[in-house]
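Data block for start-v8.pdb (PDB, C-alpha atoms):
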```pdb
ATOM      1  CA  MET A   1      21.756   1.580  -1.057
ATOM      2  CA  PRO A   2      23.893   0.758   1.997
ATOM      3  CA  ALA A   3      26.240  -2.176   1.804
ATOM      4  CA  PRO A   4      24.856  -5.396   3.262
ATOM      5  CA  ILE A   5      25.856  -6.201   6.803
ATOM      6  CA  VAL A   6      28.372  -9.001   6.939
ATOM      7  CA  ARG A   7      29.345 -11.348   9.706
ATOM      8  CA  ARG A   8      32.307 -13.593  10.164
ATOM      9  CA  HIS A   9      31.696 -17.296   9.816
ATOM     10  CA  ARG A  10      34.761 -19.248  10.814
ATOM     11  CA  SER A  11      37.413 -18.002   8.422
ATOM     12  CA  ARG A  12      35.286 -16.351   5.740
ATOM     13  CA  ILE A  13      32.939 -13.382   5.534
ATOM     14  CA  VAL A  14      29.309 -14.277   4.806
ATOM     15  CA  PRO A  15      26.691 -11.699   3.776
ATOM     16  CA  ASP A  16      23.740 -11.478   6.122
ATOM     17  CA  ALA A  17      20.659 -13.019   4.454
ATOM     18  CA  ARG A  18      18.357 -10.379   5.952
ATOM     19  CA  THR A  19      20.103  -7.418   4.307
ATOM     20  CA  ALA A  20      21.837  -8.861   1.263
ATOM     21  CA  VAL A  21      20.191  -7.964  -2.037
ATOM     22  CA  PRO A  22      20.198 -10.624  -4.748
ATOM     23  CA  PRO A  23      22.050  -9.701  -7.948
ATOM     24  CA  ALA A  24      19.976  -7.814 -10.524
ATOM     25  CA  GLY A  25      19.699 -10.782 -12.847
ATOM     26  CA  ARG A  26      18.343 -13.003 -10.065
ATOM     27  CA  ARG A  27      15.649 -10.724  -8.648
ATOM     28  CA  PRO A  28      12.199 -12.198  -9.190
ATOM     29  CA  TYR A  29       9.863 -10.192 -11.394
ATOM     30  CA  ALA A  30      12.560  -7.568 -12.023
ATOM     31  CA  ARG A  31      10.972  -6.450 -15.295
ATOM     32  CA  THR A  32       7.543  -6.148 -13.728
ATOM     33  CA  VAL A  33       8.973  -4.105 -10.856
ATOM     34  CA  PHE A  34      10.834  -1.893 -13.338
ATOM     35  CA  ALA A  35       7.637  -1.385 -15.378
ATOM     36  CA  LEU A  36       5.663  -0.455 -12.243
ATOM     37  CA  GLN A  37       8.395   1.939 -11.105
ATOM     38  CA  SER A  38       8.526   3.538 -14.542
ATOM     39  CA  ALA A  39       4.739   3.907 -14.647
ATOM     40  CA  LEU A  40       4.812   5.517 -11.212
ATOM     41  CA  VAL A  41       7.429   8.076 -12.260
ATOM     42  CA  VAL A  42       5.772   8.827 -15.623
ATOM     43  CA  LEU A  43       2.343   9.307 -14.010
ATOM     44  CA  VAL A  44       3.671  11.612 -11.295
ATOM     45  CA  VAL A  45       5.729  13.723 -13.692
ATOM     46  CA  GLY A  46       2.816  13.846 -16.147
ATOM     47  CA  TRP A  47       0.452  14.961 -13.395
ATOM     48  CA  VAL A  48       2.841  17.626 -12.132
ATOM     49  CA  ILE A  49       3.374  19.188 -15.561
ATOM     50  CA  GLY A  50      -0.362  19.051 -16.327
ATOM     51  CA  VAL A  51      -0.574  16.454 -19.093
ATOM     52  CA  PRO A  52      -4.155  15.302 -18.243
ATOM     53  CA  ARG A  53      -5.400  18.891 -18.373
ATOM     54  CA  ALA A  54      -3.568  19.583 -21.629
ATOM     55  CA  LEU A  55      -5.181  16.486 -23.170
ATOM     56  CA  GLY A  56      -8.628  17.567 -22.002
ATOM     57  CA  PHE A  57      -9.114  14.986 -19.260
ATOM     58  CA  ALA A  58     -11.005  16.155 -16.187
ATOM     59  CA  LEU A  59      -9.810  13.969 -13.320
ATOM     60  CA  TYR A  60     -10.277  14.201  -9.588
ATOM     61  CA  THR A  61      -7.015  14.452  -7.683
ATOM     62  CA  GLU A  62      -8.158  11.385  -5.747
ATOM     63  CA  GLN A  63      -8.270   9.339  -8.971
ATOM     64  CA  PHE A  64      -4.619  10.109  -9.583
ATOM     65  CA  LEU A  65      -3.630   9.497  -5.965
ATOM     66  CA  ILE A  66      -5.392   6.125  -5.688
ATOM     67  CA  THR A  67      -3.650   5.012  -8.894
ATOM     68  CA  ILE A  68      -0.308   5.930  -7.330
ATOM     69  CA  VAL A  69      -1.251   4.052  -4.144
ATOM     70  CA  GLY A  70      -2.071   0.976  -6.247
ATOM     71  CA  LEU A  71       1.326   1.084  -7.955
ATOM     72  CA  ALA A  72       3.046   1.572  -4.589
ATOM     73  CA  ILE A  73       1.188  -1.395  -3.064
ATOM     74  CA  ALA A  74       2.156  -3.630  -5.971
ATOM     75  CA  LEU A  75       5.787  -2.510  -5.711
ATOM     76  CA  ALA A  76       5.857  -3.100  -1.954
ATOM     77  CA  PHE A  77       4.546  -6.656  -2.238
ATOM     78  CA  LEU A  78       6.838  -7.537  -5.160
ATOM     79  CA  SER A  79       9.984  -5.896  -3.758
ATOM     80  CA  VAL A  80       9.917  -6.326   0.014
ATOM     81  CA  PRO A  81       9.478  -9.818   1.457
ATOM     82  CA  ALA A  82       7.306 -10.356   4.510
ATOM     83  CA  ARG A  83      10.084 -12.327   6.220
ATOM     84  CA  ALA A  84      13.840 -12.532   5.729
ATOM     85  CA  ARG A  85      13.624 -16.194   4.778
ATOM     86  CA  TRP A  86      11.698 -15.264   1.599
ATOM     87  CA  ARG A  87      14.452 -12.915   0.436
ATOM     88  CA  GLY A  88      15.129 -13.347  -3.251
ATOM     89  CA  ARG A  89      11.757 -14.902  -4.109
ATOM     90  CA  VAL A  90       8.146 -13.797  -4.265
ATOM     91  CA  PRO A  91       5.581 -16.198  -2.770
ATOM     92  CA  TRP A  92       2.263 -16.651  -4.554
ATOM     93  CA  TRP A  93       0.364 -14.777  -1.840
ATOM     94  CA  ASP A  94       2.538 -11.705  -2.401
ATOM     95  CA  LEU A  95       1.765 -11.891  -6.119
ATOM     96  CA  LEU A  96      -1.919 -12.143  -5.274
ATOM     97  CA  ALA A  97      -1.737  -9.212  -2.856
ATOM     98  CA  ALA A  98       0.154  -7.079  -5.401
ATOM     99  CA  ALA A  99      -2.364  -7.833  -8.140
ATOM    100  CA  LEU A 100      -5.336  -7.372  -5.805
ATOM    101  CA  GLY A 101      -4.048  -4.051  -4.461
ATOM    102  CA  LEU A 102      -3.399  -2.694  -7.947
ATOM    103  CA  ALA A 103      -6.757  -3.971  -9.246
ATOM    104  CA  ILE A 104      -8.712  -2.479  -6.325
ATOM    105  CA  CYS A 105      -7.009   0.888  -6.695
ATOM    106  CA  LEU A 106      -7.533   1.002 -10.462
ATOM    107  CA  TYR A 107     -11.196   0.044  -9.987
ATOM    108  CA  ILE A 108     -11.672   2.800  -7.407
ATOM    109  CA  ALA A 109      -9.920   5.289  -9.713
ATOM    110  CA  TRP A 110     -12.185   4.274 -12.588
ATOM    111  CA  ARG A 111     -15.403   4.417 -10.550
ATOM    112  CA  TYR A 112     -14.452   7.352  -8.321
ATOM    113  CA  PRO A 113     -16.801   9.894  -9.942
ATOM    114  CA  LEU A 114     -19.726   7.561  -9.152
ATOM    115  CA  LEU A 115     -18.416   6.409  -5.766
ATOM    116  CA  VAL A 116     -17.849   9.941  -4.502
ATOM    117  CA  ASN A 117     -21.575  10.687  -4.838
ATOM    118  CA  SER A 118     -22.672   7.470  -3.112
ATOM    119  CA  LEU A 119     -20.096   7.256  -0.297
ATOM    120  CA  THR A 120     -22.546   8.582   2.266
ATOM    121  CA  GLU A 121     -24.813   5.598   1.521
ATOM    122  CA  LEU A 122     -21.903   3.193   2.226
ATOM    123  CA  PRO A 123     -22.271   0.946  -0.846
ATOM    124  CA  LEU A 124     -21.240  -2.672  -0.303
ATOM    125  CA  ASP A 125     -18.572  -2.608  -3.026
ATOM    126  CA  GLY A 126     -17.124   0.545  -1.483
ATOM    127  CA  VAL A 127     -16.976  -0.951   2.014
ATOM    128  CA  VAL A 128     -15.425  -4.236   0.813
ATOM    129  CA  MET A 129     -12.833  -2.539  -1.375
ATOM    130  CA  ALA A 130     -11.988   0.018   1.300
ATOM    131  CA  SER A 131     -11.534  -2.730   3.916
ATOM    132  CA  ALA A 132      -9.240  -4.742   1.652
ATOM    133  CA  LEU A 133      -7.316  -1.617   0.694
ATOM    134  CA  VAL A 134      -6.781  -0.593   4.320
ATOM    135  CA  LEU A 135      -5.407  -4.058   5.161
ATOM    136  CA  LEU A 136      -3.113  -4.069   2.108
ATOM    137  CA  VAL A 137      -1.797  -0.580   2.876
ATOM    138  CA  LEU A 138      -1.115  -1.529   6.503
ATOM    139  CA  GLU A 139       0.793  -4.661   5.434
ATOM    140  CA  ALA A 140       2.773  -2.747   2.789
ATOM    141  CA  THR A 141       3.583  -0.126   5.422
ATOM    142  CA  ARG A 142       4.716  -2.804   7.869
ATOM    143  CA  ARG A 143       6.999  -4.322   5.248
ATOM    144  CA  THR A 144       8.588  -1.071   4.171
ATOM    145  CA  THR A 145       8.795   0.966   7.388
ATOM    146  CA  GLY A 146       8.263  -1.466  10.224
ATOM    147  CA  MET A 147       5.640  -2.026  12.863
ATOM    148  CA  THR A 148       5.973   1.387  14.552
ATOM    149  CA  LEU A 149       4.106   3.361  11.885
ATOM    150  CA  VAL A 150       1.427   0.658  11.682
ATOM    151  CA  ALA A 151       0.991   0.809  15.480
ATOM    152  CA  ILE A 152       0.643   4.607  15.394
ATOM    153  CA  THR A 153      -1.930   4.312  12.599
ATOM    154  CA  LEU A 154      -3.886   1.664  14.492
ATOM    155  CA  CYS A 155      -3.848   3.873  17.599
ATOM    156  CA  GLY A 156      -5.473   6.597  15.497
ATOM    157  CA  VAL A 157      -8.108   4.130  14.294
ATOM    158  CA  VAL A 158      -8.829   2.990  17.859
ATOM    159  CA  TYR A 159      -9.126   6.624  18.960
ATOM    160  CA  ALA A 160     -11.548   7.320  16.096
ATOM    161  CA  MET A 161     -13.636   4.298  17.093
ATOM    162  CA  PHE A 162     -13.718   4.834  20.860
ATOM    163  CA  GLY A 163     -12.919   8.545  21.278
ATOM    164  CA  ASN A 164     -16.531   9.341  21.998
ATOM    165  CA  HIS A 165     -16.181   7.487  25.336
ATOM    166  CA  LEU A 166     -13.265   9.644  26.516
ATOM    167  CA  PRO A 167     -13.814  12.583  28.885
ATOM    168  CA  GLY A 168     -13.462  16.298  28.199
ATOM    169  CA  VAL A 169     -11.129  17.621  25.542
ATOM    170  CA  PHE A 170     -10.194  14.106  24.425
ATOM    171  CA  GLN A 171     -13.745  13.249  23.447
ATOM    172  CA  SER A 172     -14.533  12.898  19.736
ATOM    173  CA  ARG A 173     -17.682  12.290  17.740
ATOM    174  CA  PRO A 174     -18.796   8.663  17.302
ATOM    175  CA  VAL A 175     -17.798   7.035  13.998
ATOM    176  CA  ALA A 176     -19.240   3.773  12.694
ATOM    177  CA  LEU A 177     -16.697   1.150  11.592
ATOM    178  CA  LYS A 178     -18.071   1.018   8.026
ATOM    179  CA  ARG A 179     -17.848   4.778   7.679
ATOM    180  CA  LEU A 180     -14.322   4.805   9.058
ATOM    181  CA  LEU A 181     -13.200   2.066   6.640
ATOM    182  CA  VAL A 182     -14.702   3.877   3.654
ATOM    183  CA  TYR A 183     -13.118   7.123   4.799
ATOM    184  CA  LEU A 184      -9.685   5.510   5.235
ATOM    185  CA  GLY A 185      -9.782   3.479   2.040
ATOM    186  CA  ILE A 186     -11.531   5.642  -0.513
ATOM    187  CA  ASP A 187     -12.079   9.202   0.631
TER
END
```
Mind turning the file's structure into structure tokens?
Amino acid sequence: MPAPIVRRHRSRIVPDARTAVPPAGRRPYARTVFALQSALVVLVVGWVIGVPRALGFALYTEQFLITIVGLAIALAFLSVPARARWRGRVPWWDLLAAALGLAICLYIAWRYPLLVNSLTELPLDGVVMASALVLLVLEATRRTTGMTLVAITLCGVVYAMFGNHLPGVFQSRPVALKRLLVYLGID
């Protein structure tokens, strides 16, 4: 991790609040973050070496991936503050977003074998969960990488929605908003 940027304040050096990391003992929910990080690593390594197959579990790849996305969302909301002024603490809405993101992803992973067969019918629970998941992923992406990647993603969504109105080689097939949300969030 790079050293925090410092600035001179009169006669002393003061760490910049936007980049300074609180000491390990003072980080909020440090044990929860460590547990989520450990679970992420164990699940990925277990998947790569084929533990589910060796134990006789037949899982879709999407079930594994959505579980990893849920852990990543929870880690993003617990580790990266939305604003620099919240550095060193986790507001209640970030806790709620972390729990909601993890719960939605685990629910989708659990129900995926049933959802995959009914996605073409656009079930209400699928549309609602996919919409919430898309918003949570966009916010986690904004927090961790900045607004540029979110803007590029949103440009792709706008193109998918309105590409059928463009001329010639730029034209795409029309996509309904519900279908697009389900595709982005679950498929």
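The residues that lie within 10 Å of the point (-2.4, -8.7, -7.1), counting all atoms listed in the file, are Gly70, Ile73, Ala74, Phe77, Leu78, Trp92, Trp93, Asp94, Leu95, Leu96, Ala97, Ala98, Ala99, Leu100, Gly101, Leu102, Ala103 and Ile104 of chain A.
Picture a line from atom CA of A:Leu181 to atom CA of A:Thr141; it runs 17.0 Å.
The shortest atom-to-atom distance to A:Val69, with only C-alpha atoms taken into account, belongs to A:Ala109 out of A:Val48, A:Ala109, A:Leu124, A:Val182.
Taking only C-alpha atoms into account, A:Asp187 lies nearest to A:Thr120 out of the set A:Gln37, A:Thr120, A:Thr145, A:Ser172.
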Around all the atoms of stretch 25-40 of chain A listed in the file, with 5 Å of room on each side, what axis-aligned box do you get, giving centre and edge lengths in Å to one decimal, as lines of an AutoDock Vina configuration file?
```
center_x = 12.2
center_y = -3.7
center_z = -12.0
size_x = 25.0
size_y = 28.5
size_z = 16.7
```
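With atom CA of A:Leu133 on one side and atom CA of A:Ala72 on the other, the separation reads 12.1 Å.
The nearest approach to A:Gly88 among the residues A:Tyr29, A:Tyr183, A:Trp47, A:Tyr107, with all atoms listed in the file taken into account, belongs to A:Tyr29.
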Please enumerate the residues selected by the PyMOL selection byres ((chain A and resi 159-163) around 12) when evaluated against the supplied file, formatted as number ranges by chain. A: 152-158, 164-181, 183-184
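Atom CA of A:Glu139 is found 21.5 Å from atom CA of A:Phe34.
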Non-local contacts of stretch 65-68 of chain A (7 Å; all atoms listed in the file; under 3 positions in same chain excluded) as a PyMOL selection string: chain A and resi 40+61-62+71-72+105-106+109
Restrict the output to stretch 14-83 of chain A and C-alpha atoms, then write it as a PDB file, in the first residue's frame.
```
ATOM      1  CA  VAL A  14      -0.015  16.256   8.866  1.00  0.00           C
ATOM      2  CA  PRO A  15      -1.270  13.129   7.076  1.00  0.00           C
ATOM      3  CA  ASP A  16      -3.926  13.802   4.478  1.00  0.00           C
ATOM      4  CA  ALA A  17      -7.315  12.570   5.761  1.00  0.00           C
ATOM      5  CA  ARG A  18      -8.338  11.353   2.299  1.00  0.00           C
ATOM      6  CA  THR A  19      -5.457   8.887   1.930  1.00  0.00           C
ATOM      7  CA  ALA A  20      -4.395   8.070   5.474  1.00  0.00           C
ATOM      8  CA  VAL A  21      -5.405   4.602   6.641  1.00  0.00           C
ATOM      9  CA  PRO A  22      -6.433   4.237  10.279  1.00  0.00           C
ATOM     10  CA  PRO A  23      -4.264   1.905  12.371  1.00  0.00           C
ATOM     11  CA  ALA A  24      -5.268  -1.767  12.254  1.00  0.00           C
ATOM     12  CA  GLY A  25      -6.695  -1.748  15.754  1.00  0.00           C
ATOM     13  CA  ARG A  26      -8.947   1.221  14.964  1.00  0.00           C
ATOM     14  CA  ARG A  27     -10.475   0.043  11.687  1.00  0.00           C
ATOM     15  CA  PRO A  28     -14.205  -0.520  12.051  1.00  0.00           C
ATOM     16  CA  TYR A  29     -15.409  -4.072  11.527  1.00  0.00           C
ATOM     17  CA  ALA A  30     -11.839  -5.296  10.966  1.00  0.00           C
ATOM     18  CA  ARG A  31     -12.705  -8.860  11.982  1.00  0.00           C
ATOM     19  CA  THR A  32     -15.735  -8.952   9.722  1.00  0.00           C
ATOM     20  CA  VAL A  33     -13.669  -7.652   6.805  1.00  0.00           C
ATOM     21  CA  PHE A  34     -10.973 -10.240   7.543  1.00  0.00           C
ATOM     22  CA  ALA A  35     -13.592 -13.027   7.666  1.00  0.00           C
ATOM     23  CA  LEU A  36     -15.090 -11.905   4.336  1.00  0.00           C
ATOM     24  CA  GLN A  37     -11.641 -11.686   2.739  1.00  0.00           C
ATOM     25  CA  SER A  38     -10.741 -15.133   4.039  1.00  0.00           C
ATOM     26  CA  ALA A  39     -14.015 -16.601   2.769  1.00  0.00           C
ATOM     27  CA  LEU A  40     -13.380 -15.042  -0.633  1.00  0.00           C
ATOM     28  CA  VAL A  41      -9.897 -16.559  -0.886  1.00  0.00           C
ATOM     29  CA  VAL A  42     -10.977 -19.988   0.418  1.00  0.00           C
ATOM     30  CA  LEU A  43     -13.934 -20.154  -1.993  1.00  0.00           C
ATOM     31  CA  VAL A  44     -11.846 -19.160  -5.009  1.00  0.00           C
ATOM     32  CA  VAL A  45      -9.016 -21.563  -4.204  1.00  0.00           C
ATOM     33  CA  GLY A  46     -11.527 -24.332  -3.457  1.00  0.00           C
ATOM     34  CA  TRP A  47     -13.287 -23.723  -6.764  1.00  0.00           C
ATOM     35  CA  VAL A  48     -10.040 -23.684  -8.728  1.00  0.00           C
ATOM     36  CA  ILE A  49      -8.791 -26.979  -7.292  1.00  0.00           C
ATOM     37  CA  GLY A  50     -12.210 -28.606  -7.757  1.00  0.00           C
ATOM     38  CA  VAL A  51     -13.408 -29.118  -4.187  1.00  0.00           C
ATOM     39  CA  PRO A  52     -17.166 -28.898  -5.025  1.00  0.00           C
ATOM     40  CA  ARG A  53     -16.779 -31.558  -7.712  1.00  0.00           C
ATOM     41  CA  ALA A  54     -14.724 -33.798  -5.432  1.00  0.00           C
ATOM     42  CA  LEU A  55     -17.441 -33.539  -2.765  1.00  0.00           C
ATOM     43  CA  GLY A  56     -20.148 -34.403  -5.283  1.00  0.00           C
ATOM     44  CA  PHE A  57     -21.762 -30.977  -5.552  1.00  0.00           C
ATOM     45  CA  ALA A  58     -23.082 -30.021  -8.977  1.00  0.00           C
ATOM     46  CA  LEU A  59     -23.009 -26.226  -9.112  1.00  0.00           C
ATOM     47  CA  TYR A  60     -23.454 -23.779 -11.943  1.00  0.00           C
ATOM     48  CA  THR A  61     -20.451 -21.533 -12.466  1.00  0.00           C
ATOM     49  CA  GLU A  62     -22.840 -18.604 -12.049  1.00  0.00           C
ATOM     50  CA  GLN A  63     -23.701 -19.754  -8.510  1.00  0.00           C
ATOM     51  CA  PHE A  64     -20.048 -19.546  -7.557  1.00  0.00           C
ATOM     52  CA  LEU A  65     -19.523 -16.221  -9.322  1.00  0.00           C
ATOM     53  CA  ILE A  66     -22.549 -14.511  -7.749  1.00  0.00           C
ATOM     54  CA  THR A  67     -21.338 -15.645  -4.314  1.00  0.00           C
ATOM     55  CA  ILE A  68     -17.971 -14.029  -5.032  1.00  0.00           C
ATOM     56  CA  VAL A  69     -19.717 -10.846  -6.209  1.00  0.00           C
ATOM     57  CA  GLY A  70     -21.689 -10.768  -2.943  1.00  0.00           C
ATOM     58  CA  LEU A  71     -18.509 -11.037  -0.872  1.00  0.00           C
ATOM     59  CA  ALA A  72     -16.852  -8.341  -2.995  1.00  0.00           C
ATOM     60  CA  ILE A  73     -19.834  -5.994  -2.572  1.00  0.00           C
ATOM     61  CA  ALA A  74     -19.805  -6.464   1.191  1.00  0.00           C
ATOM     62  CA  LEU A  75     -16.050  -5.837   1.309  1.00  0.00           C
ATOM     63  CA  ALA A  76     -16.354  -2.707  -0.831  1.00  0.00           C
ATOM     64  CA  PHE A  77     -19.030  -1.157   1.378  1.00  0.00           C
ATOM     65  CA  LEU A  78     -17.231  -2.054   4.622  1.00  0.00           C
ATOM     66  CA  SER A  79     -13.732  -1.057   3.471  1.00  0.00           C
ATOM     67  CA  VAL A  80     -14.094   1.945   1.174  1.00  0.00           C
ATOM     68  CA  PRO A  81     -16.008   4.988   2.416  1.00  0.00           C
ATOM     69  CA  ALA A  82     -18.301   6.881   0.072  1.00  0.00           C
ATOM     70  CA  ARG A  83     -16.666  10.185   1.038  1.00  0.00           C
TER      71      ARG A  83
END
```
